[in-house]
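Undergrad: I am sharing structure-v3.cif, which consists of mmCIF, C-alpha atoms and all ligand atoms:
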data_upload
loop_
_atom_site.group_PDB
_atom_site.id
_atom_site.type_symbol
_atom_site.label_atom_id
_atom_site.label_comp_id
_atom_site.auth_asym_id
_atom_site.auth_seq_id
_atom_site.Cartn_x
_atom_site.Cartn_y
_atom_site.Cartn_z
ATOM 1 C CA MET A 29 0.000 0.000 0.000
ATOM 2 C CA THR A 30 1.234 3.551 -0.544
ATOM 3 C CA SER A 31 0.651 6.356 1.933
ATOM 4 C CA PRO A 32 -1.008 9.654 0.972
ATOM 5 C CA VAL A 33 0.763 12.905 0.084
ATOM 6 C CA VAL A 34 -0.895 16.144 1.188
ATOM 7 C CA GLU A 35 0.083 19.717 0.504
ATOM 8 C CA LEU A 36 0.720 21.861 3.558
ATOM 9 C CA ALA A 37 -0.445 25.463 3.272
ATOM 10 C CA ASP A 38 2.140 27.162 5.473
ATOM 11 C CA GLU A 39 2.972 30.824 5.038
ATOM 12 C CA ARG A 40 6.548 30.280 6.239
ATOM 13 C CA ALA A 41 7.221 28.249 3.088
ATOM 14 C CA ALA A 42 4.858 30.118 0.755
ATOM 15 C CA ARG A 43 6.543 33.439 1.584
ATOM 16 C CA ARG A 44 9.752 32.009 0.101
ATOM 17 C CA GLY A 45 8.029 30.736 -3.023
ATOM 18 C CA LEU A 46 8.278 27.125 -1.852
ATOM 19 C CA ARG A 47 5.679 24.375 -1.971
ATOM 20 C CA LEU A 48 5.639 22.049 0.978
ATOM 21 C CA PHE A 49 4.088 18.573 1.093
ATOM 22 C CA LEU A 50 3.816 15.822 3.688
ATOM 23 C CA LYS A 51 4.075 12.100 2.985
ATOM 24 C CA ARG A 52 1.859 10.534 5.634
ATOM 25 C CA ASP A 53 3.749 7.305 6.296
ATOM 26 C CA ASP A 54 2.340 7.466 9.820
ATOM 27 C CA LEU A 55 -0.974 6.281 8.332
ATOM 28 C CA ILE A 56 0.421 3.082 6.770
ATOM 29 C CA HIS A 57 -0.713 0.703 9.538
ATOM 30 C CA PRO A 58 -2.015 1.204 13.096
ATOM 31 C CA GLU A 59 0.505 -1.160 14.692
ATOM 32 C CA LEU A 60 3.311 -1.104 12.147
ATOM 33 C CA PRO A 61 3.415 2.563 11.224
ATOM 34 C CA GLY A 62 5.757 4.530 9.071
ATOM 35 C CA ASN A 63 9.341 3.684 8.499
ATOM 36 C CA LYS A 64 9.163 0.803 10.963
ATOM 37 C CA TRP A 65 6.970 -1.115 8.531
ATOM 38 C CA ARG A 66 9.201 -0.219 5.595
ATOM 39 C CA LYS A 67 12.257 -1.414 7.494
ATOM 40 C CA LEU A 68 10.675 -4.633 8.757
ATOM 41 C CA ARG A 69 8.946 -5.608 5.567
ATOM 42 C CA HIS A 70 11.758 -7.553 3.869
ATOM 43 C CA ASN A 71 12.971 -8.936 7.198
ATOM 44 C CA ILE A 72 9.698 -10.764 7.855
ATOM 45 C CA GLU A 73 10.330 -13.717 5.561
ATOM 46 C CA PRO A 74 13.789 -14.540 6.971
ATOM 47 C CA ALA A 75 12.447 -14.096 10.522
ATOM 48 C CA ARG A 76 9.591 -16.441 9.783
ATOM 49 C CA ARG A 77 11.925 -19.012 8.279
ATOM 50 C CA GLN A 78 14.137 -18.866 11.373
ATOM 51 C CA GLY A 79 11.141 -18.853 13.738
ATOM 52 C CA THR A 80 12.471 -16.307 16.235
ATOM 53 C CA LEU A 81 13.511 -12.695 15.785
ATOM 54 C CA LEU A 82 15.732 -10.988 18.335
ATOM 55 C CA THR A 83 16.273 -7.264 18.300
ATOM 56 C CA PHE A 84 17.416 -4.353 20.445
ATOM 57 C CA GLY A 85 16.008 -1.046 21.584
ATOM 58 C CA GLY A 86 15.509 1.510 24.320
ATOM 59 C CA ALA A 87 12.541 1.291 26.678
ATOM 60 C CA TYR A 88 10.518 3.696 24.493
ATOM 61 C CA SER A 89 11.583 2.280 21.138
ATOM 62 C CA ASN A 90 9.042 2.399 18.305
ATOM 63 C CA HIS A 91 11.058 -0.348 16.650
ATOM 64 C CA ILE A 92 10.533 -2.723 19.588
ATOM 65 C CA ARG A 93 6.784 -2.097 19.416
ATOM 66 C CA ALA A 94 6.672 -2.674 15.674
ATOM 67 C CA ALA A 95 8.846 -5.811 15.803
ATOM 68 C CA ALA A 96 6.574 -7.286 18.482
ATOM 69 C CA ALA A 97 3.464 -6.518 16.414
ATOM 70 C CA ALA A 98 5.076 -8.010 13.301
ATOM 71 C CA GLY A 99 5.809 -11.238 15.158
ATOM 72 C CA LYS A 100 2.209 -11.500 16.263
ATOM 73 C CA ILE A 101 0.769 -10.660 12.833
ATOM 74 C CA PHE A 102 3.150 -12.762 10.736
ATOM 75 C CA GLY A 103 3.665 -15.654 13.138
ATOM 76 C CA PHE A 104 7.164 -15.732 14.570
ATOM 77 C CA ALA A 105 8.490 -15.445 18.110
ATOM 78 C CA THR A 106 10.116 -12.180 19.170
ATOM 79 C CA ILE A 107 12.690 -11.319 21.803
ATOM 80 C CA GLY A 108 13.323 -7.694 22.705
ATOM 81 C CA VAL A 109 16.656 -6.871 24.331
ATOM 82 C CA ILE A 110 16.052 -3.614 26.169
ATOM 83 C CA ARG A 111 18.716 -1.124 27.249
ATOM 84 C CA GLY A 112 18.907 -0.589 31.017
ATOM 85 C CA GLU A 113 17.115 -2.121 33.945
ATOM 86 C CA GLU A 114 13.651 -3.552 34.137
ATOM 87 C CA HIS A 115 11.018 -1.217 35.577
ATOM 88 C CA ARG A 116 7.611 -2.488 36.617
ATOM 89 C CA PRO A 117 4.949 -1.551 35.795
ATOM 90 C CA LEU A 118 6.093 -1.552 32.185
ATOM 91 C CA ASN A 119 5.696 1.659 30.209
ATOM 92 C CA ASP A 120 3.172 1.723 27.342
ATOM 93 C CA SER A 121 5.651 0.661 24.666
ATOM 94 C CA LEU A 122 6.969 -2.343 26.547
ATOM 95 C CA ALA A 123 3.531 -3.330 27.863
ATOM 96 C CA PHE A 124 2.315 -3.305 24.249
ATOM 97 C CA ALA A 125 5.301 -5.408 23.155
ATOM 98 C CA GLU A 126 4.612 -7.941 25.886
ATOM 99 C CA ARG A 127 0.931 -8.091 24.938
ATOM 100 C CA MET A 128 2.019 -8.885 21.386
ATOM 101 C CA GLY A 129 3.897 -11.864 22.814
ATOM 102 C CA MET A 130 7.407 -10.426 22.814
ATOM 103 C CA ARG A 131 9.775 -11.844 25.409
ATOM 104 C CA LEU A 132 11.618 -8.968 27.057
ATOM 105 C CA THR A 133 15.097 -9.132 28.479
ATOM 106 C CA TYR A 134 17.416 -6.394 29.719
ATOM 107 C CA LEU A 135 21.070 -5.465 29.318
ATOM 108 C CA ASP A 136 22.768 -2.898 31.511
ATOM 109 C CA ARG A 137 24.132 0.107 29.660
ATOM 110 C CA ALA A 138 27.700 -1.191 29.479
ATOM 111 C CA ALA A 139 26.684 -4.567 28.056
ATOM 112 C CA TYR A 140 24.153 -2.904 25.754
ATOM 113 C CA ARG A 141 26.871 -0.766 24.226
ATOM 114 C CA ARG A 142 28.752 -3.972 23.431
ATOM 115 C CA LYS A 143 25.640 -5.770 22.163
ATOM 116 C CA HIS A 144 27.079 -6.695 18.760
ATOM 117 C CA GLU A 145 30.312 -8.128 20.149
ATOM 118 C CA PRO A 146 30.738 -11.907 19.949
ATOM 119 C CA ASP A 147 30.659 -12.652 23.692
ATOM 120 C CA VAL A 148 27.407 -10.732 24.301
ATOM 121 C CA ARG A 149 25.864 -12.383 21.267
ATOM 122 C CA ALA A 150 27.046 -15.829 22.386
ATOM 123 C CA ALA A 151 25.455 -15.277 25.801
ATOM 124 C CA LEU A 152 22.152 -14.380 24.098
ATOM 125 C CA ARG A 153 22.343 -17.527 21.924
ATOM 126 C CA GLU A 154 23.068 -19.628 24.959
ATOM 127 C CA ARG A 155 20.007 -18.260 26.652
ATOM 128 C CA PHE A 156 17.516 -18.071 23.769
ATOM 129 C CA GLY A 157 18.811 -20.544 21.180
ATOM 130 C CA ASP A 158 19.112 -19.575 17.521
ATOM 131 C CA PHE A 159 17.461 -16.419 16.283
ATOM 132 C CA TYR A 160 17.303 -14.038 13.365
ATOM 133 C CA LEU A 161 19.082 -10.930 14.563
ATOM 134 C CA LEU A 162 17.862 -7.486 13.637
ATOM 135 C CA PRO A 163 20.080 -4.593 14.755
ATOM 136 C CA GLU A 164 18.887 -1.739 16.965
ATOM 137 C CA GLY A 165 16.302 0.391 15.222
ATOM 138 C CA GLY A 166 15.792 -2.374 12.651
ATOM 139 C CA SER A 167 18.378 -0.946 10.268
ATOM 140 C CA ASN A 168 20.102 -3.549 8.117
ATOM 141 C CA ALA A 169 20.565 -3.968 4.367
ATOM 142 C CA LEU A 170 17.033 -5.352 3.883
ATOM 143 C CA ALA A 171 15.617 -2.400 5.838
ATOM 144 C CA VAL A 172 17.462 0.019 3.570
ATOM 145 C CA LYS A 173 15.934 -1.701 0.544
ATOM 146 C CA GLY A 174 12.469 -1.369 2.069
ATOM 147 C CA CYS A 175 13.032 2.354 2.521
ATOM 148 C CA ALA A 176 14.223 2.684 -1.083
ATOM 149 C CA GLU A 177 10.631 1.833 -2.035
ATOM 150 C CA LEU A 178 9.647 5.054 -0.254
ATOM 151 C CA GLY A 179 11.974 6.975 -2.575
ATOM 152 C CA ALA A 180 10.346 5.398 -5.599
ATOM 153 C CA GLU A 181 6.875 6.490 -4.377
ATOM 154 C CA VAL A 182 7.664 10.207 -4.458
ATOM 155 C CA PRO A 183 8.542 11.378 -7.974
ATOM 156 C CA GLY A 184 7.797 15.017 -8.633
ATOM 157 C CA PHE A 185 9.567 16.491 -5.596
ATOM 158 C CA ASP A 186 12.920 18.229 -5.622
ATOM 159 C CA VAL A 187 13.931 17.687 -2.010
ATOM 160 C CA VAL A 188 12.654 14.853 0.189
ATOM 161 C CA CYS A 189 13.234 15.204 3.947
ATOM 162 C CA CYS A 190 13.197 12.663 6.778
ATOM 163 C CA PRO A 191 14.376 12.496 10.392
ATOM 164 C CA CYS A 192 17.429 10.306 11.171
ATOM 165 C CA GLY A 193 17.780 8.045 14.203
ATOM 166 C CA THR A 194 19.965 5.198 12.950
ATOM 167 C CA GLY A 195 20.065 6.623 9.402
ATOM 168 C CA GLY A 196 18.467 3.577 7.766
ATOM 169 C CA THR A 197 15.493 5.499 6.433
ATOM 170 C CA LEU A 198 17.655 8.177 4.825
ATOM 171 C CA ALA A 199 20.016 5.542 3.382
ATOM 172 C CA GLY A 200 17.140 3.837 1.576
ATOM 173 C CA LEU A 201 15.147 6.933 0.683
ATOM 174 C CA ALA A 202 18.177 8.541 -0.988
ATOM 175 C CA ALA A 203 18.932 5.361 -2.925
ATOM 176 C CA GLY A 204 15.356 5.155 -4.214
ATOM 177 C CA LEU A 205 15.072 8.710 -5.558
ATOM 178 C CA ALA A 206 15.518 9.651 -9.209
ATOM 179 C CA PRO A 207 18.843 11.287 -10.172
ATOM 180 C CA HIS A 208 17.513 14.867 -10.149
ATOM 181 C CA GLN A 209 16.009 14.544 -6.642
ATOM 182 C CA ARG A 210 17.878 14.925 -3.378
ATOM 183 C CA ALA A 211 17.304 13.699 0.146
ATOM 184 C CA LEU A 212 17.866 15.735 3.271
ATOM 185 C CA GLY A 213 18.050 13.998 6.661
ATOM 186 C CA PHE A 214 17.645 15.746 10.018
ATOM 187 C CA SER A 215 19.644 14.031 12.736
ATOM 188 C CA VAL A 216 17.824 13.777 16.073
ATOM 189 C CA LEU A 217 21.086 12.825 17.802
ATOM 190 C CA LYS A 218 23.962 14.992 18.884
ATOM 191 C CA GLY A 219 27.316 14.324 17.224
ATOM 192 C CA ASP A 220 28.551 14.036 13.683
ATOM 193 C CA PHE A 221 28.498 10.272 13.135
ATOM 194 C CA MET A 222 25.189 10.135 11.262
ATOM 195 C CA GLU A 223 26.640 10.704 7.811
ATOM 196 C CA GLY A 224 29.066 7.810 8.398
ATOM 197 C CA GLU A 225 26.199 5.563 9.503
ATOM 198 C CA VAL A 226 24.146 6.343 6.399
ATOM 199 C CA GLU A 227 27.179 5.586 4.225
ATOM 200 C CA ARG A 228 27.836 2.335 6.064
ATOM 201 C CA LEU A 229 24.213 1.235 5.576
ATOM 202 C CA GLN A 230 24.277 2.118 1.872
ATOM 203 C CA ARG A 231 27.511 0.150 1.512
ATOM 204 C CA ALA A 232 25.896 -2.840 3.227
ATOM 205 C CA ALA A 233 22.842 -2.680 0.955
ATOM 206 C CA TYR A 234 24.377 -1.622 -2.361
ATOM 207 C CA GLY A 235 28.161 -1.817 -2.035
ATOM 208 C CA GLY A 236 28.625 1.954 -2.074
ATOM 209 C CA ARG A 237 27.143 5.405 -1.712
ATOM 210 C CA ARG A 238 23.878 5.980 -3.612
ATOM 211 C CA GLY A 239 21.834 9.056 -4.507
ATOM 212 C CA THR A 240 22.308 12.685 -3.571
ATOM 213 C CA TRP A 241 21.880 13.267 0.138
ATOM 214 C CA ARG A 242 23.079 15.234 3.102
ATOM 215 C CA VAL A 243 22.592 15.133 6.879
ATOM 216 C CA GLU A 244 21.571 18.350 8.618
ATOM 217 C CA GLY A 245 23.012 18.296 12.144
ATOM 218 C CA GLY A 246 21.737 21.548 13.636
ATOM 219 C CA PHE A 247 18.272 20.529 14.824
ATOM 220 C CA HIS A 248 18.771 17.825 17.463
ATOM 221 C CA PHE A 249 17.642 20.134 20.331
ATOM 222 C CA GLY A 250 20.210 18.714 22.732
ATOM 223 C CA GLY A 251 20.168 15.063 21.673
ATOM 224 C CA TYR A 252 17.987 11.985 21.427
ATOM 225 C CA ALA A 253 14.550 12.481 23.045
ATOM 226 C CA LYS A 254 15.679 15.848 24.452
ATOM 227 C CA ARG A 255 13.132 18.641 24.213
ATOM 228 C CA THR A 256 13.182 22.372 24.752
ATOM 229 C CA PRO A 257 10.371 24.872 25.388
ATOM 230 C CA GLU A 258 10.964 26.163 21.842
ATOM 231 C CA LEU A 259 10.375 22.688 20.377
ATOM 232 C CA ASP A 260 7.275 22.147 22.530
ATOM 233 C CA ALA A 261 5.885 25.518 21.427
ATOM 234 C CA PHE A 262 6.573 24.581 17.802
ATOM 235 C CA ILE A 263 4.642 21.301 18.188
ATOM 236 C CA ASP A 264 1.649 23.133 19.698
ATOM 237 C CA ASP A 265 1.718 25.822 17.036
ATOM 238 C CA PHE A 266 1.981 23.251 14.234
ATOM 239 C CA ALA A 267 -0.963 21.276 15.645
ATOM 240 C CA GLY A 268 -2.988 24.512 15.796
ATOM 241 C CA ARG A 269 -2.176 25.470 12.208
ATOM 242 C CA HIS A 270 -2.426 22.073 10.550
ATOM 243 C CA GLY A 271 -4.203 19.678 12.916
ATOM 244 C CA ILE A 272 -1.226 17.300 12.896
ATOM 245 C CA VAL A 273 0.515 16.388 16.148
ATOM 246 C CA LEU A 274 4.199 15.843 15.414
ATOM 247 C CA ASP A 275 6.124 13.499 17.690
ATOM 248 C CA GLY A 276 8.766 15.247 19.806
ATOM 249 C CA ILE A 277 11.561 12.762 19.119
ATOM 250 C CA TYR A 278 11.624 12.652 15.326
ATOM 251 C CA THR A 279 9.159 14.440 13.093
ATOM 252 C CA ALA A 280 8.940 17.705 15.079
ATOM 253 C CA LYS A 281 12.704 18.174 14.864
ATOM 254 C CA MET A 282 12.611 17.548 11.127
ATOM 255 C CA MET A 283 9.685 19.954 10.513
ATOM 256 C CA PHE A 284 11.294 22.624 12.665
ATOM 257 C CA GLY A 285 14.457 22.211 10.610
ATOM 258 C CA VAL A 286 12.660 22.277 7.266
ATOM 259 C CA LEU A 287 10.824 25.504 8.124
ATOM 260 C CA ALA A 288 13.944 27.082 9.636
ATOM 261 C CA LEU A 289 15.985 26.324 6.508
ATOM 262 C CA ALA A 290 13.128 27.617 4.343
ATOM 263 C CA GLY A 291 13.084 30.821 6.386
ATOM 264 C CA HIS A 292 16.842 31.282 5.914
ATOM 265 C CA GLY A 293 16.472 31.036 2.141
ATOM 266 C CA ALA A 294 18.222 27.654 1.947
ATOM 267 C CA PHE A 295 15.963 26.432 -0.884
ATOM 268 C CA PRO A 296 15.666 28.211 -4.251
ATOM 269 C CA GLU A 297 12.267 29.674 -5.104
ATOM 270 C CA GLY A 298 9.992 27.131 -6.729
ATOM 271 C CA THR A 299 11.500 24.145 -4.864
ATOM 272 C CA ARG A 300 8.979 21.414 -4.153
ATOM 273 C CA ILE A 301 9.795 20.002 -0.728
ATOM 274 C CA LEU A 302 8.339 16.773 0.643
ATOM 275 C CA ALA A 303 8.693 15.980 4.354
ATOM 276 C CA VAL A 304 8.114 12.348 5.312
ATOM 277 C CA ILE A 305 6.037 11.903 8.467
ATOM 278 C CA THR A 306 7.876 8.730 9.424
ATOM 279 C CA GLY A 307 5.639 7.703 12.303
HETATM 280 C C1 LIG B 1 12.444 5.053 14.287
HETATM 281 C C2 LIG B 1 11.982 6.339 13.753
HETATM 282 C C3 LIG B 1 12.815 7.177 12.966
HETATM 283 C C4 LIG B 1 14.269 6.886 12.743
HETATM 284 O O1 LIG B 1 14.517 6.187 11.563
HETATM 285 P P1 LIG B 1 15.966 5.646 11.228
HETATM 286 O O2 LIG B 1 15.785 4.778 10.053
HETATM 287 O O3 LIG B 1 16.437 4.889 12.430
HETATM 288 O O4 LIG B 1 16.857 6.809 10.971
HETATM 289 C C5 LIG B 1 12.249 8.328 12.435
HETATM 290 N N1 LIG B 1 10.969 8.659 12.682
HETATM 291 C C6 LIG B 1 10.162 7.894 13.440
HETATM 292 C C7 LIG B 1 8.781 8.357 13.688
HETATM 293 C C8 LIG B 1 10.639 6.721 14.004
HETATM 294 O O5 LIG B 1 9.839 5.975 14.783
#
Give the structure from this file in structure tokens form.
TA:
Amino acid sequence: MTSPVVELADERAARRGLRLFLKRDDLIHPELPGNKWRKLRHNIEPARRQGTLLTFGGAYSNHIRAAAAAGKIFGFATIGVIRGEEHRPLNDSLAFAERMGMRLTYLDRAAYRRKHEPDVRAALRERFGDFYLLPEGGSNALAVKGCAELGAEVPGFDVVCCPCGTGGTLAGLAAGLAPHQRALGFSVLKGDFMEGEVERLQRAAYGGRRGTWRVEGGFHFGGYAKRTPELDAFIDDFAGRHGIVLDGIYTAKMMFGVLALAGHGAFPEGTRILAVITG
């Protein structure tokens, strides 16, 4: 299924002669929304063949939720390895995952950081048996290919924007665009490693860099899941203008960045900009 594109009438873009559109990937599926579905999609068959999927995430991870729902819908067992200690009662995300049948286990922060090292992985295999491993955030080569399908769904736009957490969505989106289009990712994390991550994921999926893309690093608002009064005010204002509630971790930071860049004259007049509402 393809998600709808809607034009956003926003004077901050119109004043600069820009046209701004939203790709509503958040409407793809109630339990597997947005980029999480795109990233899981091609991983479902191998997970089903193996029987058990094991993956990693923080206690509020959308990926953990979506992986748990996918296991329930498509019929494979799921194990979620969560960063940090167990807290009961479970928060909404983890309670949902458990309801979907996911088995939850926890790694302290030090072990979690080393989660892809052989000894940590061996300990997980010892405990849970064989599994199909999906990295944190669900970003692997198959996930990148799923996100390339997003790129192919959006001809007719000059610049296509998305938020970046692990960079998998941008890696695929950029690879799926036509040669005259470019992708612009907004990192929601502090630090300048995102570009390297996107490159690494494109290398894993395609053997090298693909498409025309760039990571914008100036709109993380202090780091992952960090918020400021300015960001909160932006979310409220945006909801008032457009009736769309942006999430504070990803899409609000992207939209803030898109409108800020538009306001600074970063896009030539006439540019058609599409912002992907990833979840
Ligand atoms: C997970 C998530 C992202 C991050 O995507 P990456 O592929 O990890 O960069 C962006 N937006 C939303 C809404 C998400 O849930």
Undergrad: Quick one, how far is CA of Leu274 in chain A from atom C8 of ligand LIG 1 (chain B)?
TA: 11.3 Å
Undergrad: Taking the file as shown, what set of residues would the PyMOL selection byres (((not hetatm)) within 6 of (chain B and resi 1)) give back, as a PyMOL selection string?
TA: chain A and resi 90+165+191-197+278+306-307
Undergrad: Using Å and a single decimal, report how far CA of Glu39 in chain A sits from CA of Asp264 in chain A.
TA: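 Here the two named atoms are 16.6 Å from each other.
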Undergrad: Using the chain letters and numbers from the file, which residues does the PyMOL selection byres (((chain A and resi 51) around 8) and not hetatm) grab, as a PyMOL selection string?
TA: chain A and resi 31-34+49-50+52-53+302-305
Undergrad: Expand the PyMOL selection byres (((chain A and resi 223-230) around 9) and not hetatm) into the explicit residue set it covers here, and present it as an MDAnalysis selection string.
TA: chainID A and resid 167:169 172 194:200 203 220:222 231:238 242:243
Undergrad: Go ahead and fit an axis-aligned box to every listed atom of range 287-297 of chain A plus 5 Å each side, and pass me the centre and edge lengths in Å, one decimal, as lines of an AutoDock Vina configuration file.
TA:
center_x = 14.5
center_y = 28.4
center_z = 2.3
size_x = 17.4
size_y = 15.8
size_z = 24.7
Undergrad: Excluding Asp136 in chain A and residues on its chain fewer than 5 positions from it, collect all residues at most 12 Å away from it, counting all atoms listed in the file, and give them as a count of residues only.
TA: 11
Undergrad: Residues of range 216-272 of chain A that approach range 288-294 of chain A to 12 Å or less, counting only C-alpha atoms: could you list each one with the shortest pair of atoms and its distance in Å to one decimal, rows by chain and increasing residue number, as JSON lines?
TA:
{"residue": "A:Glu244", "atom": "CA", "partner": "A:Leu289", "partner_atom": "CA", "distance": 10.0}
{"residue": "A:Gly246", "atom": "CA", "partner": "A:Leu289", "partner_atom": "CA", "distance": 10.3}
{"residue": "A:Phe247", "atom": "CA", "partner": "A:Ala288", "partner_atom": "CA", "distance": 9.4}
{"residue": "A:Phe262", "atom": "CA", "partner": "A:Ala288", "partner_atom": "CA", "distance": 11.3}
Undergrad: Show which residues sit within 10 Å of Ala253 in chain A, as a VMD selection string. Count all atoms listed in the file, and ignore same-chain residues fewer than 5 positions away.
TA: chain A and resid 88 216 to 217 248 276 to 278
Undergrad: Grab the CA of Val286 in chain A to CA of Gly85 in chain A distance for me, in Å with one decimal place.
TA: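 Straight-line distance from CA of Val286 in chain A to CA of Gly85 in chain A works out to 27.6 Å.
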Undergrad: Could you check which of A:Ala176, A:Ala211, A:Leu55, A:Ala98 is closest to Met130 in chain A, using only C-alpha atoms?
TA: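 Result for the nearest residue to Met130 in chain A: A:Ala98.
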Undergrad: Which residue, A:Arg116, A:Lys281, A:Arg137, A:Lys173, has the smallest gap to Leu68 in chain A when you use all atoms listed in the file?
TA: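 Of the candidates, the smallest distance to Leu68 in chain A is held by A:Lys173.
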Undergrad: I'd like the contact shell of Met128 in chain A - 8 Å cut-off, all atoms listed in the file, skipping same-chain residues fewer than 4 positions apart - returned as number ranges by chain.
TA: A: 96-97, 99-100, 124
Undergrad: Looking at all atoms listed in the file, which of A:Arg69, A:Gly166, A:Pro61, A:Ala42 is the one that sits closest to His91 in chain A?
TA: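 Of the candidates, the smallest distance to His91 in chain A is held by A:Gly166.
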Undergrad: Need to verify the contact set: Phe266 in chain A, 12 Å, only C-alpha atoms, exclusion of same-chain residues closer than 4 positions in sequence. Can you return it as a PyMOL selection string?
TA: chain A and resi 36-40+259-262+270-276+279-281+283-284+287
Undergrad: Limited to C-alpha atoms, could you put the picked residues into a file as an mmCIF file, keeping the file's coordinate frame?
TA:
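Below is the file that was written, result-v3.cif:
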data_model
loop_
_atom_site.group_PDB
_atom_site.id
_atom_site.type_symbol
_atom_site.label_atom_id
_atom_site.label_comp_id
_atom_site.auth_asym_id
_atom_site.auth_seq_id
_atom_site.Cartn_x
_atom_site.Cartn_y
_atom_site.Cartn_z
ATOM 1 C CA LEU A 36 0.720 21.861 3.558
ATOM 2 C CA ALA A 37 -0.445 25.463 3.272
ATOM 3 C CA ASP A 38 2.140 27.162 5.473
ATOM 4 C CA GLU A 39 2.972 30.824 5.038
ATOM 5 C CA ARG A 40 6.548 30.280 6.239
ATOM 6 C CA LEU A 259 10.375 22.688 20.377
ATOM 7 C CA ASP A 260 7.275 22.147 22.530
ATOM 8 C CA ALA A 261 5.885 25.518 21.427
ATOM 9 C CA PHE A 262 6.573 24.581 17.802
ATOM 10 C CA HIS A 270 -2.426 22.073 10.550
ATOM 11 C CA GLY A 271 -4.203 19.678 12.916
ATOM 12 C CA ILE A 272 -1.226 17.300 12.896
ATOM 13 C CA VAL A 273 0.515 16.388 16.148
ATOM 14 C CA LEU A 274 4.199 15.843 15.414
ATOM 15 C CA ASP A 275 6.124 13.499 17.690
ATOM 16 C CA GLY A 276 8.766 15.247 19.806
ATOM 17 C CA THR A 279 9.159 14.440 13.093
ATOM 18 C CA ALA A 280 8.940 17.705 15.079
ATOM 19 C CA LYS A 281 12.704 18.174 14.864
ATOM 20 C CA MET A 283 9.685 19.954 10.513
ATOM 21 C CA PHE A 284 11.294 22.624 12.665
ATOM 22 C CA LEU A 287 10.824 25.504 8.124
#
Undergrad: Under the rule that all atoms listed in the file are counted, which of A:Leu82, A:Ala206, A:Cys175, A:Ala95 is the nearest residue to Leu162 in chain A?
TA: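 For Leu162 in chain A, the nearest of the candidates is A:Leu82.
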Undergrad: Would you please work out which residue, of A:Gln78, A:Ser89, A:Thr106, A:Thr133, is nearest to Asp120 in chain A when using only C-alpha atoms?
TA: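 Selected residue with least distance to Asp120 in chain A: A:Ser89.
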